[in-house]
Amino acid sequence: MARPLIVFGMGRSGTRMCANLLNNSRDVELQGEIGGPVGSKMMAWLYNVRVDKKAPDSERIYRLARAAFRDSTSSSCRIRNQARWFGHKTPRHERHFDRYEAIFDDPDRPAHYVYCLRNPFHVWRSYRAMPWNKFKTVRTFLDAWILSVRTYERMLEAAPGRVTLFNLDDMVRAPDRLEWIGPNLLAPLGISPDSFRRFVDDLENTNSASNKLGQKPSELPESDLIEIAADREAARMIRTYFPWMEEKLIAYEGQAPLHKRLFRFRAA
């Protein structure tokens with residue numbers, strides 16, 4: 001009778017680190033990424049079975065979904081039949097939120113979501129360093145980042161009590177990782193560190209840009225930093241979720257072209 005658990009968020013925002021932490025618990029069966037066309041087709045199929053073909057009971061669709069997550073992952077499949085949570089982690093799958101809600105509609109076993117968040121300066125820096133990056137400009141990236149965070153904010157209203165924020169920057173800043181993940185990640189899921197298989201400090205972020213590239217990514221050009229800071233909605237989100245970046249934000253806002261600063265003032 002495991003409940004669904006879905007980890008998502010903008011790419012390069014800690015979804016792999018979050019999944020590693022959760023999978024450290026024997027209570028969690030979280031599969032790897034099911035992205036691209038495979039992930040979209042899987043979600044469309046599950047939605048069709050549940051909504052259009054009207055699966056006769058929720059237990060059937062939950063079993064189908066768990067099997068689909070296992071079979072569709074691009075990494076090694078995890079089988080933990082006694083786990084209390086099952087699901088997968090896939091960046092940007094928050095766009096399928098409404099489908100997840102329709103598929104997992106048992107009021108006694110609703111889905112729980114973990115949204116991974118990281119400040120846009122560091123996310124863009126990491127994206128730019130990746131050879132597979134498809135964002136051609138900082139503007140196209142920023143539009144995607146803002147849309148992702150807006151989706152998270154909509155989820156908070158639509159699924160109160162079932163959306164957990166994994167703020168990667170917040171965790172990195174914490175003096176003790178276990179003390180941070182306890183109340184911020186484990187408690188909302190009813191997971192105890194006693195179920196962990198390894199020490200938390202032994203878990204590595206295998207998907208970090210430094211591990212992928214063998215070195216830290218290059219710093220962003222100042223024009224990109226200014227472009228991000230000058231965006232009204234991005235600035236609001238930075239102030240909301242990363243208040244310690246206020247000084248940096250103000251500095252780059254002040255360097256924005258006059259017409260952009262005037263637009264921000266009038267819009268406010």
# chains A, B, ... in the order shown; residues from 1 in each chain; ligands from 1
$ residues_around --residues "Trp145 of chain A" --least-positions-apart "5" --cutoff "9 Å" --atoms "only C-alpha atoms" --output "count of residues only"
7
$ residues_around --residues "Arg198 of chain A" --least-positions-apart "2" --cutoff "12 Å" --atoms "only C-alpha atoms" --output "PyMOL selection string"
chain A and resi 20-26+178+193-196+200-204
$ atom_distance --atom1 "atom CA of Ala230 of chain A" --atom2 "atom CA of Gly254 of chain A"
8.4 Å
$ closest_atom_pairs --of "segment 56-110 of chain A" --to "segment 157-165 of chain A" --cutoff "12 Å" --atoms "only C-alpha atoms" --output "JSON lines"
{"residue": "A:Glu94", "atom": "CA", "partner": "A:Val163", "partner_atom": "CA", "distance": 11.2}
{"residue": "A:Phe97", "atom": "CA", "partner": "A:Ala158", "partner_atom": "CA", "distance": 9.9}
{"residue": "A:Asp98", "atom": "CA", "partner": "A:Ala158", "partner_atom": "CA", "distance": 9.5}
{"residue": "A:Tyr100", "atom": "CA", "partner": "A:Ala159", "partner_atom": "CA", "distance": 11.3}
{"residue": "A:Glu101", "atom": "CA", "partner": "A:Ala159", "partner_atom": "CA", "distance": 8.9}
{"residue": "A:Asp105", "atom": "CA", "partner": "A:Ala159", "partner_atom": "CA", "distance": 11.7}
{"residue": "A:Pro107", "atom": "CA", "partner": "A:Ala159", "partner_atom": "CA", "distance": 11.8}
{"residue": "A:Arg109", "atom": "CA", "partner": "A:Arg162", "partner_atom": "CA", "distance": 11.0}
{"residue": "A:Pro110", "atom": "CA", "partner": "A:Arg162", "partner_atom": "CA", "distance": 8.2}
$ atom_distance --atom1 "atom CA of Val114 of chain A" --atom2 "atom CA of Pro217 of chain A"
26.5 Å
$ select_by_dssp --residues "segment 71-217 of chain A" --states "strand (DSSP E)" --output "number ranges by chain"
A: 85-89, 112-117, 163-167
$ atom_distance --atom1 "atom CA of Gly9 of chain A" --atom2 "atom CA of Asn133 of chain A"
16.3 Å
$ residues_around --residues "Tyr62 of chain A" --least-positions-apart "4" --cutoff "9 Å" --atoms "only C-alpha atoms" --output "list in words"
Ala2, Arg3, Pro4, Ser58, Arg66, Ala67, Ile103 and Phe104 of chain A
$ write_last_selection --atoms "N, CA and C atoms" --output "mmCIF file, in the first residue's frame"
data_model
loop_
_atom_site.group_PDB
_atom_site.id
_atom_site.type_symbol
_atom_site.label_atom_id
_atom_site.label_comp_id
_atom_site.auth_asym_id
_atom_site.auth_seq_id
_atom_site.Cartn_x
_atom_site.Cartn_y
_atom_site.Cartn_z
ATOM 1 N N ALA A 2 1.967 1.223 -0.720
ATOM 2 C CA ALA A 2 2.873 2.367 -0.772
ATOM 3 C C ALA A 2 2.200 3.558 -1.444
ATOM 4 N N ARG A 3 2.625 4.751 -1.061
ATOM 5 C CA ARG A 3 2.117 5.981 -1.656
ATOM 6 C C ARG A 3 3.083 6.496 -2.706
ATOM 7 N N PRO A 4 2.574 7.206 -3.721
ATOM 8 C CA PRO A 4 3.442 7.772 -4.767
ATOM 9 C C PRO A 4 4.260 8.952 -4.240
ATOM 10 N N SER A 58 -8.378 2.099 -7.910
ATOM 11 C CA SER A 58 -7.126 2.827 -7.796
ATOM 12 C C SER A 58 -5.942 1.884 -7.607
ATOM 13 N N ARG A 66 3.626 1.953 -10.727
ATOM 14 C CA ARG A 66 4.868 1.503 -10.092
ATOM 15 C C ARG A 66 5.688 0.644 -11.056
ATOM 16 N N ALA A 67 5.007 -0.230 -11.798
ATOM 17 C CA ALA A 67 5.696 -1.059 -12.789
ATOM 18 C C ALA A 67 6.246 -0.206 -13.925
ATOM 19 N N ILE A 103 -4.038 10.704 -11.972
ATOM 20 C CA ILE A 103 -3.667 9.287 -11.905
ATOM 21 C C ILE A 103 -3.736 8.778 -10.475
ATOM 22 N N PHE A 104 -3.154 9.521 -9.554
ATOM 23 C CA PHE A 104 -3.107 9.099 -8.156
ATOM 24 C C PHE A 104 -4.204 9.816 -7.373
#
$ closest_residue --among "A:Glu33, A:Leu5, A:Trp132, A:Leu147" --to "Pro188 of chain A" --atoms "only C-alpha atoms"
A:Leu5
$ residues_around --residues "Pro183 of chain A" --least-positions-apart "2" --cutoff "12 Å" --atoms "only C-alpha atoms" --output "PDB file with all heavy atoms, in the first residue's frame"
ATOM      1  N   THR A 164       6.649  19.324  -0.768  1.00  0.00           N
ATOM      2  CA  THR A 164       7.807  19.639   0.056  1.00  0.00           C
ATOM      3  C   THR A 164       8.847  20.351  -0.790  1.00  0.00           C
ATOM      4  O   THR A 164       9.127  19.939  -1.919  1.00  0.00           O
ATOM      5  CB  THR A 164       8.415  18.355   0.650  1.00  0.00           C
ATOM      6  OG1 THR A 164       7.465  17.749   1.529  1.00  0.00           O
ATOM      7  CG2 THR A 164       9.700  18.652   1.416  1.00  0.00           C
ATOM      8  N   LEU A 165       9.424  21.419  -0.243  1.00  0.00           N
ATOM      9  CA  LEU A 165      10.462  22.169  -0.946  1.00  0.00           C
ATOM     10  C   LEU A 165      11.833  21.672  -0.511  1.00  0.00           C
ATOM     11  O   LEU A 165      12.164  21.674   0.680  1.00  0.00           O
ATOM     12  CB  LEU A 165      10.332  23.657  -0.656  1.00  0.00           C
ATOM     13  CG  LEU A 165      11.391  24.560  -1.299  1.00  0.00           C
ATOM     14  CD1 LEU A 165      11.276  24.516  -2.816  1.00  0.00           C
ATOM     15  CD2 LEU A 165      11.273  25.982  -0.792  1.00  0.00           C
ATOM     16  N   PHE A 166      12.634  21.245  -1.496  1.00  0.00           N
ATOM     17  CA  PHE A 166      14.032  20.896  -1.256  1.00  0.00           C
ATOM     18  C   PHE A 166      14.870  22.032  -1.828  1.00  0.00           C
ATOM     19  O   PHE A 166      15.165  22.063  -3.018  1.00  0.00           O
ATOM     20  CB  PHE A 166      14.376  19.566  -1.926  1.00  0.00           C
ATOM     21  CG  PHE A 166      15.807  19.128  -1.740  1.00  0.00           C
ATOM     22  CD1 PHE A 166      16.217  18.520  -0.566  1.00  0.00           C
ATOM     23  CD2 PHE A 166      16.749  19.325  -2.741  1.00  0.00           C
ATOM     24  CE1 PHE A 166      17.541  18.114  -0.396  1.00  0.00           C
ATOM     25  CE2 PHE A 166      18.067  18.920  -2.591  1.00  0.00           C
ATOM     26  CZ  PHE A 166      18.461  18.312  -1.403  1.00  0.00           C
ATOM     27  N   MET A 171      20.227  23.884   1.914  1.00  0.00           N
ATOM     28  CA  MET A 171      20.907  22.720   2.476  1.00  0.00           C
ATOM     29  C   MET A 171      22.423  22.906   2.459  1.00  0.00           C
ATOM     30  O   MET A 171      23.111  22.586   3.431  1.00  0.00           O
ATOM     31  CB  MET A 171      20.545  21.449   1.705  1.00  0.00           C
ATOM     32  CG  MET A 171      21.089  20.184   2.359  1.00  0.00           C
ATOM     33  SD  MET A 171      20.931  18.696   1.342  1.00  0.00           S
ATOM     34  CE  MET A 171      22.228  18.989   0.109  1.00  0.00           C
ATOM     35  N   ARG A 177      24.242  18.713   7.551  1.00  0.00           N
ATOM     36  CA  ARG A 177      23.296  18.268   6.523  1.00  0.00           C
ATOM     37  C   ARG A 177      22.157  17.452   7.117  1.00  0.00           C
ATOM     38  O   ARG A 177      20.996  17.636   6.771  1.00  0.00           O
ATOM     39  CB  ARG A 177      24.025  17.442   5.459  1.00  0.00           C
ATOM     40  CG  ARG A 177      23.120  16.992   4.322  1.00  0.00           C
ATOM     41  CD  ARG A 177      23.838  16.098   3.329  1.00  0.00           C
ATOM     42  NE  ARG A 177      24.865  16.802   2.606  1.00  0.00           N
ATOM     43  CZ  ARG A 177      25.648  16.228   1.687  1.00  0.00           C
ATOM     44  NH1 ARG A 177      25.509  14.945   1.409  1.00  0.00           N
ATOM     45  NH2 ARG A 177      26.560  16.944   1.051  1.00  0.00           N
ATOM     46  N   LEU A 178      22.477  16.522   8.033  1.00  0.00           N
ATOM     47  CA  LEU A 178      21.437  15.667   8.608  1.00  0.00           C
ATOM     48  C   LEU A 178      20.442  16.486   9.415  1.00  0.00           C
ATOM     49  O   LEU A 178      19.233  16.244   9.355  1.00  0.00           O
ATOM     50  CB  LEU A 178      22.062  14.581   9.486  1.00  0.00           C
ATOM     51  CG  LEU A 178      21.066  13.575  10.112  1.00  0.00           C
ATOM     52  CD1 LEU A 178      20.257  12.882   9.020  1.00  0.00           C
ATOM     53  CD2 LEU A 178      21.805  12.549  10.961  1.00  0.00           C
ATOM     54  N   GLU A 179      20.946  17.475  10.161  1.00  0.00           N
ATOM     55  CA  GLU A 179      20.035  18.318  10.931  1.00  0.00           C
ATOM     56  C   GLU A 179      19.121  19.129  10.021  1.00  0.00           C
ATOM     57  O   GLU A 179      18.002  19.476  10.401  1.00  0.00           O
ATOM     58  CB  GLU A 179      20.834  19.250  11.852  1.00  0.00           C
ATOM     59  CG  GLU A 179      21.465  18.539  13.035  1.00  0.00           C
ATOM     60  CD  GLU A 179      22.096  19.513  14.010  1.00  0.00           C
ATOM     61  OE1 GLU A 179      21.975  20.744  13.792  1.00  0.00           O
ATOM     62  OE2 GLU A 179      22.710  19.052  14.982  1.00  0.00           O
ATOM     63  N   TRP A 180      19.588  19.436   8.806  1.00  0.00           N
ATOM     64  CA  TRP A 180      18.747  20.195   7.869  1.00  0.00           C
ATOM     65  C   TRP A 180      17.714  19.293   7.211  1.00  0.00           C
ATOM     66  O   TRP A 180      16.533  19.653   7.126  1.00  0.00           O
ATOM     67  CB  TRP A 180      19.612  20.857   6.795  1.00  0.00           C
ATOM     68  CG  TRP A 180      18.811  21.769   5.904  1.00  0.00           C
ATOM     69  CD1 TRP A 180      18.558  23.099   6.083  1.00  0.00           C
ATOM     70  CD2 TRP A 180      18.121  21.389   4.702  1.00  0.00           C
ATOM     71  NE1 TRP A 180      17.768  23.583   5.064  1.00  0.00           N
ATOM     72  CE2 TRP A 180      17.479  22.559   4.196  1.00  0.00           C
ATOM     73  CE3 TRP A 180      17.983  20.199   3.990  1.00  0.00           C
ATOM     74  CZ2 TRP A 180      16.712  22.556   3.037  1.00  0.00           C
ATOM     75  CZ3 TRP A 180      17.220  20.190   2.832  1.00  0.00           C
ATOM     76  CH2 TRP A 180      16.585  21.363   2.361  1.00  0.00           C
ATOM     77  N   ILE A 181      18.131  18.122   6.715  1.00  0.00           N
ATOM     78  CA  ILE A 181      17.182  17.289   5.975  1.00  0.00           C
ATOM     79  C   ILE A 181      16.135  16.666   6.891  1.00  0.00           C
ATOM     80  O   ILE A 181      15.041  16.321   6.428  1.00  0.00           O
ATOM     81  CB  ILE A 181      17.891  16.172   5.169  1.00  0.00           C
ATOM     82  CG1 ILE A 181      18.516  15.133   6.100  1.00  0.00           C
ATOM     83  CG2 ILE A 181      18.898  16.748   4.205  1.00  0.00           C
ATOM     84  CD1 ILE A 181      19.023  13.912   5.361  1.00  0.00           C
ATOM     85  N   LEU A 185      13.085  17.614   4.835  1.00  0.00           N
ATOM     86  CA  LEU A 185      12.838  16.606   3.811  1.00  0.00           C
ATOM     87  C   LEU A 185      12.224  15.332   4.380  1.00  0.00           C
ATOM     88  O   LEU A 185      11.270  14.796   3.810  1.00  0.00           O
ATOM     89  CB  LEU A 185      14.147  16.271   3.087  1.00  0.00           C
ATOM     90  CG  LEU A 185      14.065  15.225   1.964  1.00  0.00           C
ATOM     91  CD1 LEU A 185      13.167  15.736   0.832  1.00  0.00           C
ATOM     92  CD2 LEU A 185      15.456  14.894   1.427  1.00  0.00           C
ATOM     93  N   LEU A 186      12.738  14.844   5.479  1.00  0.00           N
ATOM     94  CA  LEU A 186      12.297  13.557   6.018  1.00  0.00           C
ATOM     95  C   LEU A 186      10.981  13.646   6.791  1.00  0.00           C
ATOM     96  O   LEU A 186      10.081  12.816   6.585  1.00  0.00           O
ATOM     97  CB  LEU A 186      13.382  12.966   6.920  1.00  0.00           C
ATOM     98  CG  LEU A 186      14.770  12.797   6.303  1.00  0.00           C
ATOM     99  CD1 LEU A 186      15.719  12.162   7.312  1.00  0.00           C
ATOM    100  CD2 LEU A 186      14.699  11.956   5.035  1.00  0.00           C
ATOM    101  N   ALA A 187      10.858  14.625   7.664  1.00  0.00           N
ATOM    102  CA  ALA A 187       9.670  14.731   8.516  1.00  0.00           C
ATOM    103  C   ALA A 187       8.367  14.814   7.723  1.00  0.00           C
ATOM    104  O   ALA A 187       7.391  14.143   8.068  1.00  0.00           O
ATOM    105  CB  ALA A 187       9.807  15.927   9.466  1.00  0.00           C
ATOM    106  N   PRO A 188       8.294  15.623   6.632  1.00  0.00           N
ATOM    107  CA  PRO A 188       7.036  15.672   5.878  1.00  0.00           C
ATOM    108  C   PRO A 188       6.626  14.325   5.274  1.00  0.00           C
ATOM    109  O   PRO A 188       5.445  14.121   4.961  1.00  0.00           O
ATOM    110  CB  PRO A 188       7.335  16.688   4.762  1.00  0.00           C
ATOM    111  CG  PRO A 188       8.431  17.537   5.311  1.00  0.00           C
ATOM    112  CD  PRO A 188       9.271  16.602   6.118  1.00  0.00           C
ATOM    113  N   LEU A 189       7.587  13.407   5.126  1.00  0.00           N
ATOM    114  CA  LEU A 189       7.305  12.096   4.554  1.00  0.00           C
ATOM    115  C   LEU A 189       7.230  11.008   5.618  1.00  0.00           C
ATOM    116  O   LEU A 189       7.013   9.837   5.290  1.00  0.00           O
ATOM    117  CB  LEU A 189       8.393  11.731   3.528  1.00  0.00           C
ATOM    118  CG  LEU A 189       8.531  12.682   2.344  1.00  0.00           C
ATOM    119  CD1 LEU A 189       9.785  12.354   1.533  1.00  0.00           C
ATOM    120  CD2 LEU A 189       7.299  12.601   1.443  1.00  0.00           C
ATOM    121  N   GLY A 190       7.418  11.387   6.864  1.00  0.00           N
ATOM    122  CA  GLY A 190       7.376  10.406   7.928  1.00  0.00           C
ATOM    123  C   GLY A 190       8.530   9.427   7.877  1.00  0.00           C
ATOM    124  O   GLY A 190       8.391   8.262   8.276  1.00  0.00           O
ATOM    125  N   ILE A 191       9.677   9.864   7.379  1.00  0.00           N
ATOM    126  CA  ILE A 191      10.856   9.005   7.242  1.00  0.00           C
ATOM    127  C   ILE A 191      11.819   9.289   8.392  1.00  0.00           C
ATOM    128  O   ILE A 191      12.081  10.448   8.713  1.00  0.00           O
ATOM    129  CB  ILE A 191      11.558   9.239   5.897  1.00  0.00           C
ATOM    130  CG1 ILE A 191      10.642   8.835   4.741  1.00  0.00           C
ATOM    131  CG2 ILE A 191      12.866   8.466   5.821  1.00  0.00           C
ATOM    132  CD1 ILE A 191      11.197   9.185   3.373  1.00  0.00           C
ATOM    133  N   SER A 192      12.333   8.233   8.995  1.00  0.00           N
ATOM    134  CA  SER A 192      13.285   8.375  10.091  1.00  0.00           C
ATOM    135  C   SER A 192      14.698   8.073   9.606  1.00  0.00           C
ATOM    136  O   SER A 192      14.899   7.165   8.788  1.00  0.00           O
ATOM    137  CB  SER A 192      12.926   7.418  11.230  1.00  0.00           C
ATOM    138  OG  SER A 192      13.971   7.355  12.185  1.00  0.00           O
ATOM    139  N   PRO A 193      15.692   8.801  10.099  1.00  0.00           N
ATOM    140  CA  PRO A 193      17.084   8.463   9.772  1.00  0.00           C
ATOM    141  C   PRO A 193      17.462   7.048  10.179  1.00  0.00           C
ATOM    142  O   PRO A 193      18.440   6.494   9.684  1.00  0.00           O
ATOM    143  CB  PRO A 193      17.888   9.508  10.558  1.00  0.00           C
ATOM    144  CG  PRO A 193      16.944  10.646  10.755  1.00  0.00           C
ATOM    145  CD  PRO A 193      15.598  10.011  10.917  1.00  0.00           C
TER     146      PRO A 193
END
